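Enquirer: My file is upload.cif. It has mmCIF, C-alpha atoms and all ligand atoms:
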data_data
loop_
_atom_site.label_atom_id
_atom_site.label_comp_id
_atom_site.auth_asym_id
_atom_site.auth_seq_id
_atom_site.Cartn_x
_atom_site.Cartn_y
_atom_site.Cartn_z
CA MET R 890 2.61 -28.12 -9.49
CA LEU R 891 3.26 -25.47 -6.81
CA ALA R 892 2.32 -26.25 -3.22
CA VAL R 893 2.76 -23.86 -0.30
CA ARG R 894 2.24 -25.41 3.12
CA ASN R 895 1.89 -23.61 6.48
CA LEU R 896 4.35 -21.00 5.35
CA GLU R 897 5.66 -18.55 7.91
CA VAL R 898 7.87 -15.64 6.81
CA VAL R 899 9.69 -13.20 9.04
CA TYR R 900 11.50 -10.01 7.99
CA ASN R 901 14.55 -8.70 9.86
CA ASP R 902 14.27 -11.64 12.32
CA VAL R 903 11.25 -10.06 14.01
CA ILE R 904 8.44 -8.97 11.70
CA LEU R 905 6.08 -11.91 11.20
CA VAL R 906 4.34 -11.32 7.86
CA LEU R 907 3.04 -14.70 6.67
CA ARG R 908 1.39 -16.72 9.40
CA GLY R 909 0.83 -20.26 8.16
CA VAL R 910 -0.22 -19.82 4.54
CA SER R 911 -1.17 -22.84 2.42
CA LEU R 912 -1.95 -22.58 -1.28
CA ASP R 913 -1.94 -24.76 -4.39
CA VAL R 914 -1.35 -23.83 -8.00
CA PRO R 915 -2.27 -26.82 -10.19
CA GLU R 916 -0.58 -27.18 -13.57
CA GLY R 917 -2.37 -25.37 -16.40
CA GLN R 918 -4.48 -23.12 -14.19
CA ILE R 919 -4.68 -19.42 -13.38
CA VAL R 920 -4.87 -18.98 -9.60
CA ALA R 921 -5.68 -15.56 -8.14
CA LEU R 922 -4.26 -14.28 -4.86
CA LEU R 923 -6.25 -11.32 -3.58
CA GLY R 924 -5.82 -9.05 -0.60
CA ALA R 925 -5.44 -5.46 0.50
CA ASN R 926 -2.17 -3.52 0.72
CA GLY R 927 0.20 -5.11 3.17
CA ALA R 928 -1.65 -8.45 3.37
CA GLY R 929 1.53 -10.30 2.40
CA LYS R 930 0.91 -11.10 -1.26
CA THR R 931 4.29 -9.91 -2.53
CA THR R 932 5.99 -11.67 0.38
CA LEU R 933 4.40 -14.94 -0.70
CA LEU R 934 5.68 -14.46 -4.26
CA ARG R 935 9.16 -13.66 -2.92
CA ALA R 936 9.10 -16.90 -0.93
CA VAL R 937 8.27 -18.83 -4.12
CA SER R 938 10.86 -17.12 -6.32
CA GLY R 939 13.65 -17.16 -3.75
CA LEU R 940 13.84 -13.37 -3.39
CA LEU R 941 13.24 -13.16 0.37
CA ASP R 942 16.95 -13.03 1.15
CA LEU R 943 17.29 -9.81 -0.83
CA HIS R 944 14.72 -8.21 1.47
CA ASP R 945 16.04 -9.59 4.76
CA GLY R 946 13.20 -12.05 4.87
CA GLU R 947 13.29 -15.70 5.87
CA VAL R 948 11.01 -18.73 5.81
CA THR R 949 10.79 -19.76 9.46
CA LYS R 950 8.20 -22.54 9.11
CA GLY R 951 6.45 -24.55 6.45
CA SER R 952 7.45 -25.33 2.89
CA VAL R 953 7.18 -24.41 -0.77
CA THR R 954 7.42 -27.27 -3.24
CA MET R 955 7.47 -27.40 -7.04
CA ASP R 956 6.44 -30.80 -8.42
CA GLY R 957 7.05 -32.18 -4.93
CA LYS R 958 10.58 -30.78 -4.70
CA PRO R 959 11.23 -28.33 -1.80
CA ILE R 960 12.35 -24.93 -3.08
CA HIS R 961 12.02 -22.62 -0.07
CA GLU R 962 15.74 -22.89 0.61
CA ALA R 963 16.82 -22.77 -3.02
CA ASN R 964 18.46 -19.73 -4.61
CA PRO R 965 16.66 -17.65 -7.27
CA THR R 966 18.75 -19.06 -10.14
CA ALA R 967 17.90 -22.64 -9.20
CA ILE R 968 14.23 -21.68 -8.94
CA VAL R 969 14.26 -20.05 -12.40
CA SER R 970 15.84 -23.21 -13.78
CA LEU R 971 12.82 -25.16 -12.49
CA GLY R 972 10.64 -22.97 -14.71
CA ILE R 973 9.38 -20.38 -12.19
CA LYS R 974 9.58 -16.73 -13.20
CA GLN R 975 8.29 -13.67 -11.37
CA VAL R 976 7.21 -10.36 -12.90
CA LEU R 977 7.85 -7.85 -10.14
CA GLU R 978 5.31 -5.24 -9.12
CA GLY R 979 5.92 -1.84 -10.72
CA ARG R 980 7.21 -3.08 -14.09
CA ARG R 981 10.90 -3.25 -13.26
CA ILE R 982 12.44 -2.96 -16.69
CA PHE R 983 15.88 -1.69 -17.65
CA ALA R 984 14.79 1.83 -18.55
CA GLU R 985 17.98 2.83 -20.40
CA LEU R 986 18.06 -0.28 -22.57
CA THR R 987 15.99 -0.90 -25.69
CA VAL R 988 12.95 -3.14 -25.84
CA ASP R 989 14.97 -5.77 -27.69
CA GLU R 990 17.84 -5.66 -25.16
CA ASN R 991 15.38 -6.04 -22.28
CA LEU R 992 13.88 -9.12 -23.92
CA ARG R 993 17.26 -10.65 -24.74
CA ILE R 994 18.35 -10.26 -21.11
CA GLY R 995 15.19 -12.17 -20.12
CA GLY R 996 16.25 -14.94 -22.47
CA HIS R 997 19.82 -15.34 -21.26
CA THR R 998 18.98 -18.59 -19.43
CA SER R 999 17.79 -20.23 -22.64
CA PRO R 1000 20.12 -18.79 -25.30
CA LYS R 1001 19.37 -21.53 -27.83
CA ASN R 1002 15.72 -20.56 -28.05
CA ILE R 1003 16.13 -16.77 -28.16
CA LYS R 1004 14.80 -16.38 -31.71
CA GLN R 1005 11.79 -18.61 -31.08
CA ASN R 1006 11.01 -16.91 -27.75
CA LEU R 1007 11.39 -13.43 -29.28
CA ASP R 1008 8.92 -14.38 -32.01
CA ARG R 1009 6.49 -15.66 -29.40
CA VAL R 1010 6.78 -12.50 -27.28
CA TYR R 1011 6.41 -10.10 -30.24
CA GLY R 1012 3.45 -12.21 -31.38
CA LEU R 1013 1.80 -11.91 -27.97
CA PHE R 1014 2.55 -8.20 -27.65
CA PRO R 1015 2.14 -6.59 -31.09
CA ALA R 1016 2.48 -3.17 -29.38
CA LEU R 1017 6.18 -3.99 -28.86
CA ARG R 1018 6.77 -5.07 -32.44
CA GLY R 1019 8.26 -2.24 -34.42
CA ARG R 1020 9.55 -0.70 -31.20
CA GLU R 1021 12.47 -3.08 -30.81
CA ARG R 1022 15.00 -0.21 -30.83
CA ALA R 1023 12.93 2.11 -28.62
CA THR R 1024 14.35 3.01 -25.20
CA ALA R 1025 12.25 1.09 -22.70
CA GLY R 1026 11.95 4.00 -20.27
CA TYR R 1027 10.00 5.99 -22.87
CA LEU R 1028 7.29 3.34 -23.31
CA SER R 1029 3.83 3.96 -21.84
CA GLY R 1030 2.88 2.28 -18.56
CA GLY R 1031 0.91 -0.42 -20.38
CA GLU R 1032 3.76 -1.12 -22.79
CA GLN R 1033 6.24 -1.32 -19.91
CA GLN R 1034 3.99 -3.89 -18.21
CA MET R 1035 3.90 -5.87 -21.46
CA LEU R 1036 7.69 -5.63 -21.72
CA ALA R 1037 8.11 -6.86 -18.14
CA MET R 1038 5.82 -9.81 -18.88
CA GLY R 1039 7.55 -10.42 -22.21
CA ARG R 1040 10.95 -10.44 -20.54
CA ALA R 1041 9.75 -13.10 -18.08
CA LEU R 1042 8.33 -15.19 -20.92
CA MET R 1043 11.70 -15.16 -22.71
CA SER R 1044 12.82 -18.03 -20.47
CA ASN R 1045 9.67 -19.94 -21.42
CA PRO R 1046 8.61 -20.49 -17.79
CA ARG R 1047 6.20 -23.21 -16.72
CA LEU R 1048 4.90 -21.06 -13.88
CA LEU R 1049 4.56 -17.29 -14.17
CA LEU R 1050 4.16 -15.23 -10.98
CA LEU R 1051 2.51 -11.89 -11.76
CA ASP R 1052 2.54 -9.17 -9.09
CA GLU R 1053 -0.29 -6.69 -9.68
CA PRO R 1054 0.05 -6.37 -13.45
CA SER R 1055 -2.98 -4.05 -13.65
CA LEU R 1056 -1.69 -1.57 -11.07
CA GLY R 1057 -2.00 2.02 -12.26
CA LEU R 1058 -3.28 1.13 -15.74
CA ALA R 1059 -6.33 2.64 -17.44
CA PRO R 1060 -9.35 0.28 -17.76
CA LEU R 1061 -8.78 -0.33 -21.47
CA LEU R 1062 -5.21 -1.48 -20.78
CA VAL R 1063 -6.32 -3.59 -17.84
CA GLY R 1064 -8.60 -5.39 -20.32
CA GLN R 1065 -5.67 -5.94 -22.68
CA ILE R 1066 -3.42 -7.27 -19.92
CA LYS R 1067 -6.22 -9.58 -18.81
CA ASP R 1068 -6.63 -11.00 -22.35
CA LEU R 1069 -2.87 -11.46 -22.57
CA ILE R 1070 -2.75 -13.44 -19.33
CA VAL R 1071 -5.50 -15.71 -20.69
CA GLU R 1072 -3.55 -16.18 -23.94
CA ILE R 1073 -0.27 -16.87 -22.12
CA ASN R 1074 -2.09 -19.47 -20.03
CA LYS R 1075 -3.69 -21.03 -23.15
CA GLN R 1076 -0.21 -21.39 -24.62
CA GLY R 1077 0.68 -23.62 -21.67
CA THR R 1078 1.99 -21.40 -18.87
CA THR R 1079 0.50 -21.79 -15.41
CA VAL R 1080 -0.15 -18.45 -13.67
CA LEU R 1081 -0.23 -17.27 -10.07
CA LEU R 1082 -1.82 -13.84 -10.32
CA VAL R 1083 -1.53 -11.40 -7.42
CA GLU R 1084 -4.07 -8.61 -7.81
CA GLN R 1085 -5.92 -5.93 -5.94
CA ASN R 1086 -8.25 -5.76 -8.94
CA ALA R 1087 -10.36 -8.69 -7.76
CA THR R 1088 -12.90 -8.43 -10.59
CA MET R 1089 -10.22 -8.76 -13.22
CA ALA R 1090 -8.39 -11.58 -11.47
CA LEU R 1091 -11.47 -13.64 -10.61
CA SER R 1092 -12.92 -13.28 -14.10
CA ILE R 1093 -10.00 -15.26 -15.56
CA ALA R 1094 -8.85 -17.48 -12.66
CA GLN R 1095 -10.12 -20.96 -11.87
CA HIS R 1096 -9.44 -20.61 -8.16
CA GLY R 1097 -8.88 -17.71 -5.77
CA TYR R 1098 -7.33 -17.15 -2.35
CA VAL R 1099 -7.94 -14.14 -0.13
CA LEU R 1100 -5.03 -13.14 2.09
CA GLU R 1101 -5.46 -10.89 5.12
CA ASN R 1102 -2.81 -10.06 7.69
CA GLY R 1103 -0.66 -12.91 6.49
CA LYS R 1104 -3.39 -15.57 6.59
CA VAL R 1105 -5.61 -17.15 3.97
CA VAL R 1106 -9.13 -16.23 5.08
CA MET R 1107 -11.00 -17.62 2.07
CA ASP R 1108 -10.19 -20.10 -0.65
CA LYS R 1109 -12.77 -21.06 -3.30
CA PRO R 1110 -13.35 -21.58 -7.01
CA ALA R 1111 -13.14 -18.14 -8.64
CA ASP R 1112 -16.80 -18.05 -9.74
CA GLU R 1113 -17.91 -18.79 -6.16
CA LEU R 1114 -15.66 -16.03 -4.82
CA LEU R 1115 -17.11 -13.59 -7.38
CA ALA R 1116 -20.60 -14.47 -6.19
CA ASP R 1117 -19.70 -14.33 -2.48
CA SER R 1118 -21.40 -11.41 -0.75
CA ASP R 1119 -18.40 -10.69 1.51
CA ILE R 1120 -16.06 -10.59 -1.46
CA GLN R 1121 -18.49 -8.36 -3.33
CA GLU R 1122 -18.67 -6.01 -0.39
CA PHE R 1123 -15.03 -5.87 0.64
CA TYR R 1124 -13.13 -6.46 -2.58
CA LEU R 1125 -15.43 -5.59 -5.46
CA GLY R 1126 -16.95 -2.44 -3.94
CA LEU R 1127 -20.52 -3.69 -4.31
CA GLY R 1128 -23.30 -3.47 -1.72
CA ALA R 1129 -25.44 -6.39 -0.63
CA GLU R 1130 -27.78 -5.86 -3.59
CA GLY R 1131 -24.93 -5.70 -6.06
CA ALA R 1132 -25.12 -1.91 -6.39
CA ALA R 1133 -21.83 -0.05 -6.62
CA LYS R 1134 -20.86 1.57 -3.33
CA SER R 1135 -18.98 4.76 -2.91
CA PHE R 1136 -15.32 4.45 -1.96
CA ARG R 1137 -16.12 6.06 1.38
CA GLU R 1138 -18.75 3.45 2.19
CA VAL R 1139 -16.42 0.65 1.24
CA LYS R 1140 -13.59 2.07 3.26
CA HIS R 1141 -15.64 2.66 6.35
CA TYR R 1142 -17.64 -0.51 6.25
CA LYS R 1143 -19.97 -1.05 9.15
CA ARG R 1144 -20.35 -4.79 8.98
CA ARG R 1145 -17.56 -6.97 10.31
CA LYS R 1146 -16.04 -9.38 7.86
CA ARG R 1147 -17.58 -12.79 8.38
CA TRP R 1148 -14.15 -14.47 8.47
CA LEU R 1149 -13.08 -12.30 11.41
CA SER R 1150 -16.05 -13.22 13.61
P1 LIG D 1 1.20 -4.41 -1.44
O1 LIG D 1 0.04 -4.56 -2.35
O2 LIG D 1 1.21 -3.13 -0.71
O3 LIG D 1 2.52 -4.79 -2.06
P2 LIG D 1 1.25 -6.99 -0.18
O4 LIG D 1 0.01 -7.75 0.16
O5 LIG D 1 2.00 -7.44 -1.38
O6 LIG D 1 0.90 -5.47 -0.28
P3 LIG D 1 3.73 -7.25 1.23
O7 LIG D 1 4.44 -6.32 0.32
O8 LIG D 1 4.02 -8.70 1.16
O9 LIG D 1 2.16 -7.05 1.11
O10 LIG D 1 3.96 -6.73 2.71
C1 LIG D 1 3.40 -7.38 3.83
C2 LIG D 1 3.92 -6.73 5.09
O11 LIG D 1 5.32 -6.97 5.18
C3 LIG D 1 3.73 -5.23 5.14
O12 LIG D 1 3.36 -4.87 6.43
C4 LIG D 1 5.10 -4.69 4.81
O13 LIG D 1 5.33 -3.47 5.46
C5 LIG D 1 6.02 -5.76 5.37
N1 LIG D 1 7.27 -5.85 4.62
C6 LIG D 1 7.41 -6.05 3.30
N2 LIG D 1 8.72 -6.09 2.94
C7 LIG D 1 9.42 -5.88 4.08
C8 LIG D 1 10.82 -5.81 4.38
N3 LIG D 1 11.75 -5.96 3.44
N4 LIG D 1 11.17 -5.58 5.67
C9 LIG D 1 10.24 -5.44 6.63
N5 LIG D 1 8.91 -5.51 6.42
C10 LIG D 1 8.48 -5.73 5.16
#
As a first step, turn the structure in this file into structure tokens.
Expert:
Amino acid sequence: MLAVRNLEVVYNDVILVLRGVSLDVPEGQIVALLGANGAGKTTLLRAVSGLLDLHDGEVTKGSVTMDGKPIHEANPTAIVSLGIKQVLEGRRIFAELTVDENLRIGGHTSPKNIKQNLDRVYGLFPALRGRERATAGYLSGGEQQMLAMGRALMSNPRLLLLDEPSLGLAPLLVGQIKDLIVEINKQGTTVLLVEQNATMALSIAQHGYVLENGKVVMDKPADELLADSDIQEFYLGLGAEGAAKSFREVKHYKRRKRWLS
């Protein structure tokens, strides 16, 4: 479905952020993209959704294709019309508008199916049902994340790009968001999931990619990544024996990452 090949992205004509990234998102799957702050995950999503321009970024090499069709030079509207929708990091909702208005804005590209899509979204997110007239800015963090995802689903996308949906949420809510992603995927939407919460992402993805300094350093089936000792040590905060490590130990790791040697 989505294929990224040798992608190079530069900001402000000089800052090289993606350095030859290749990645595949097959139809029907959940694919996880992991990596620390600043690795380039959001930049990759921007390249797919056509939002680089807005940030003074540019694809300088490589390609992004959807069903074989190049999209790295297409504008965001054309990309949405191909069925690709991104949920931005930080739950960008229209805070002054109601829940219902936020969702209807998300559905403006498929006005004929608004009723059907609203029913689907309220079915997926019962927490939003009954709050249709509530001002979005007053929702809790978890509800705002659900609203942001719901708004994206209003155009019934084939491919949903999620940028750190669990960021800043309490563990119980992270669990809910995780179940929702699985349900959305079951209903037929392919998902590219960017996460720093590697445990959450790998527990629901079929395949995972690890991005560091703008390069893919590991790419494996999700269960193999979960079992990988380097991933456990550097991304899951576990020691070699699987015991939880303190944040300090993880941060100041002594061993070099195998993929850097
Ligand atoms: P985070 O989890 O912090 O969002 P990330 O992996 O998504 O991290 P990006 O946001 O893609 O990383 O950022 C990758 C690098 O690109 C960082 O060094 C960042 O400072 C830089 N960068 C991002 N946006 C811009 C921009 N508009 N102009 C210049 N540099 C940028």
Enquirer: Using only C-alpha atoms, which residue out of R:Asn895, R:Thr1024, R:Asn1045, R:Gln1085 lies closest to Arg1009 of chain R?
Expert: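 Among the listed residues, the smallest separation from Arg1009 of chain R belongs to R:Asn1045.
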Enquirer: Could you tell me, counting all atoms listed in the file, which protein and nucleic acid residues lie no more than 9 Å from ligand LIG 1 (chain D), written as a PyMOL selection string?
Expert: chain R and resi 899-901+903-907+923-935+941+943-946+978+1052-1053+1083-1085+1100-1103
Enquirer: Take the residues from that selection and write them out as an mmCIF file, in the coordinates of the input, keeping C-alpha atoms.
Expert:
data_model
loop_
_atom_site.group_PDB
_atom_site.id
_atom_site.type_symbol
_atom_site.label_atom_id
_atom_site.label_comp_id
_atom_site.auth_asym_id
_atom_site.auth_seq_id
_atom_site.Cartn_x
_atom_site.Cartn_y
_atom_site.Cartn_z
ATOM 1 C CA VAL R 899 9.690 -13.200 9.040
ATOM 2 C CA TYR R 900 11.500 -10.010 7.990
ATOM 3 C CA ASN R 901 14.550 -8.700 9.860
ATOM 4 C CA VAL R 903 11.250 -10.060 14.010
ATOM 5 C CA ILE R 904 8.440 -8.970 11.700
ATOM 6 C CA LEU R 905 6.080 -11.910 11.200
ATOM 7 C CA VAL R 906 4.340 -11.320 7.860
ATOM 8 C CA LEU R 907 3.040 -14.700 6.670
ATOM 9 C CA LEU R 923 -6.250 -11.320 -3.580
ATOM 10 C CA GLY R 924 -5.820 -9.050 -0.600
ATOM 11 C CA ALA R 925 -5.440 -5.460 0.500
ATOM 12 C CA ASN R 926 -2.170 -3.520 0.720
ATOM 13 C CA GLY R 927 0.200 -5.110 3.170
ATOM 14 C CA ALA R 928 -1.650 -8.450 3.370
ATOM 15 C CA GLY R 929 1.530 -10.300 2.400
ATOM 16 C CA LYS R 930 0.910 -11.100 -1.260
ATOM 17 C CA THR R 931 4.290 -9.910 -2.530
ATOM 18 C CA THR R 932 5.990 -11.670 0.380
ATOM 19 C CA LEU R 933 4.400 -14.940 -0.700
ATOM 20 C CA LEU R 934 5.680 -14.460 -4.260
ATOM 21 C CA ARG R 935 9.160 -13.660 -2.920
ATOM 22 C CA LEU R 941 13.240 -13.160 0.370
ATOM 23 C CA LEU R 943 17.290 -9.810 -0.830
ATOM 24 C CA HIS R 944 14.720 -8.210 1.470
ATOM 25 C CA ASP R 945 16.040 -9.590 4.760
ATOM 26 C CA GLY R 946 13.200 -12.050 4.870
ATOM 27 C CA GLU R 978 5.310 -5.240 -9.120
ATOM 28 C CA ASP R 1052 2.540 -9.170 -9.090
ATOM 29 C CA GLU R 1053 -0.290 -6.690 -9.680
ATOM 30 C CA VAL R 1083 -1.530 -11.400 -7.420
ATOM 31 C CA GLU R 1084 -4.070 -8.610 -7.810
ATOM 32 C CA GLN R 1085 -5.920 -5.930 -5.940
ATOM 33 C CA LEU R 1100 -5.030 -13.140 2.090
ATOM 34 C CA GLU R 1101 -5.460 -10.890 5.120
ATOM 35 C CA ASN R 1102 -2.810 -10.060 7.690
ATOM 36 C CA GLY R 1103 -0.660 -12.910 6.490
#
Enquirer: Please indicate the distance in Å from atom CA of Leu940 of chain R to atom CA of Pro965 of chain R, rounded to one decimal place.
Expert: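 Interatomic distance here is 6.4 Å.
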Enquirer: Set the distance at 9 Å and use all atoms listed in the file: which residues neighbour segment 1012-1022 of chain R once local chain neighbours fewer than 4 positions away are removed? I'd like the list as a ChimeraX atom specification.
Expert: /R:986-990,1007-1008,1032,1035-1036,1039,1069,1072-1073
Enquirer: Between atom CA of Pro1060 of chain R and atom CA of Val1105 of chain R, what is the distance in Å, rounded to a tenth?
Expert: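 Computed distance, atom CA of Pro1060 of chain R to atom CA of Val1105 of chain R, equals 28.1 Å.
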Enquirer: Under the rule that all atoms listed in the file are counted, which of R:Gly1077, R:Gly951, R:Pro1110, R:Pro1046 is the nearest residue to His1096 of chain R?
Expert: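 Among the listed residues, R:Pro1110 lies closest to His1096 of chain R.
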Enquirer: What's the 10 Å shell around segment 908-916 of chain R, counting all atoms listed in the file, without same-chain residues fewer than 3 positions away, as number ranges by chain?
Expert: R: 890-899, 905, 919-922, 929, 933, 949-956, 1047-1048, 1077-1081, 1095-1098, 1100-1106, 1108
Enquirer: Measure the distance from atom CA of Arg993 of chain R to atom CA of Gln1065 of chain R in Å and round it to one decimal.
Expert: 23.5 Å
Enquirer: Considering all atoms listed in the file, can you say which of R:Leu1056, R:Leu1082, R:Leu1049, R:Ala1037 comes closest to Leu971 of chain R?
Expert: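 Nearest candidate to Leu971 of chain R out of R:Leu1056, R:Leu1082, R:Leu1049, R:Ala1037: R:Leu1049.
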Enquirer: So that all listed atoms of segment 946-953 of chain R fit with 5 Å spare on each side, what axis-aligned box centre and edge lengths in Å, to one decimal, would you give as AutoDock Vina command-line options?
Expert:
--center_x 9.9 --center_y -18.7 --center_z 4.3 --size_x 16.8 --size_y 23.3 --size_z 20.2
Enquirer: For Gly1030 of chain R, which of R:Gly979, R:Pro959, R:Lys974, R:Gln918 is the closest residue, counting all atoms listed in the file?
Expert: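 Selected residue with least distance to Gly1030 of chain R: R:Gly979.
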Enquirer: Check the smallest atom-to-atom distance from each of R:Ile1070, R:Ala1023, R:Leu1042, R:Val969 to Gln1005 of chain R using only C-alpha atoms, then report the winner.
Expert: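 Among R:Ile1070, R:Ala1023, R:Leu1042, R:Val969, it is R:Leu1042 that comes nearest to Gln1005 of chain R.
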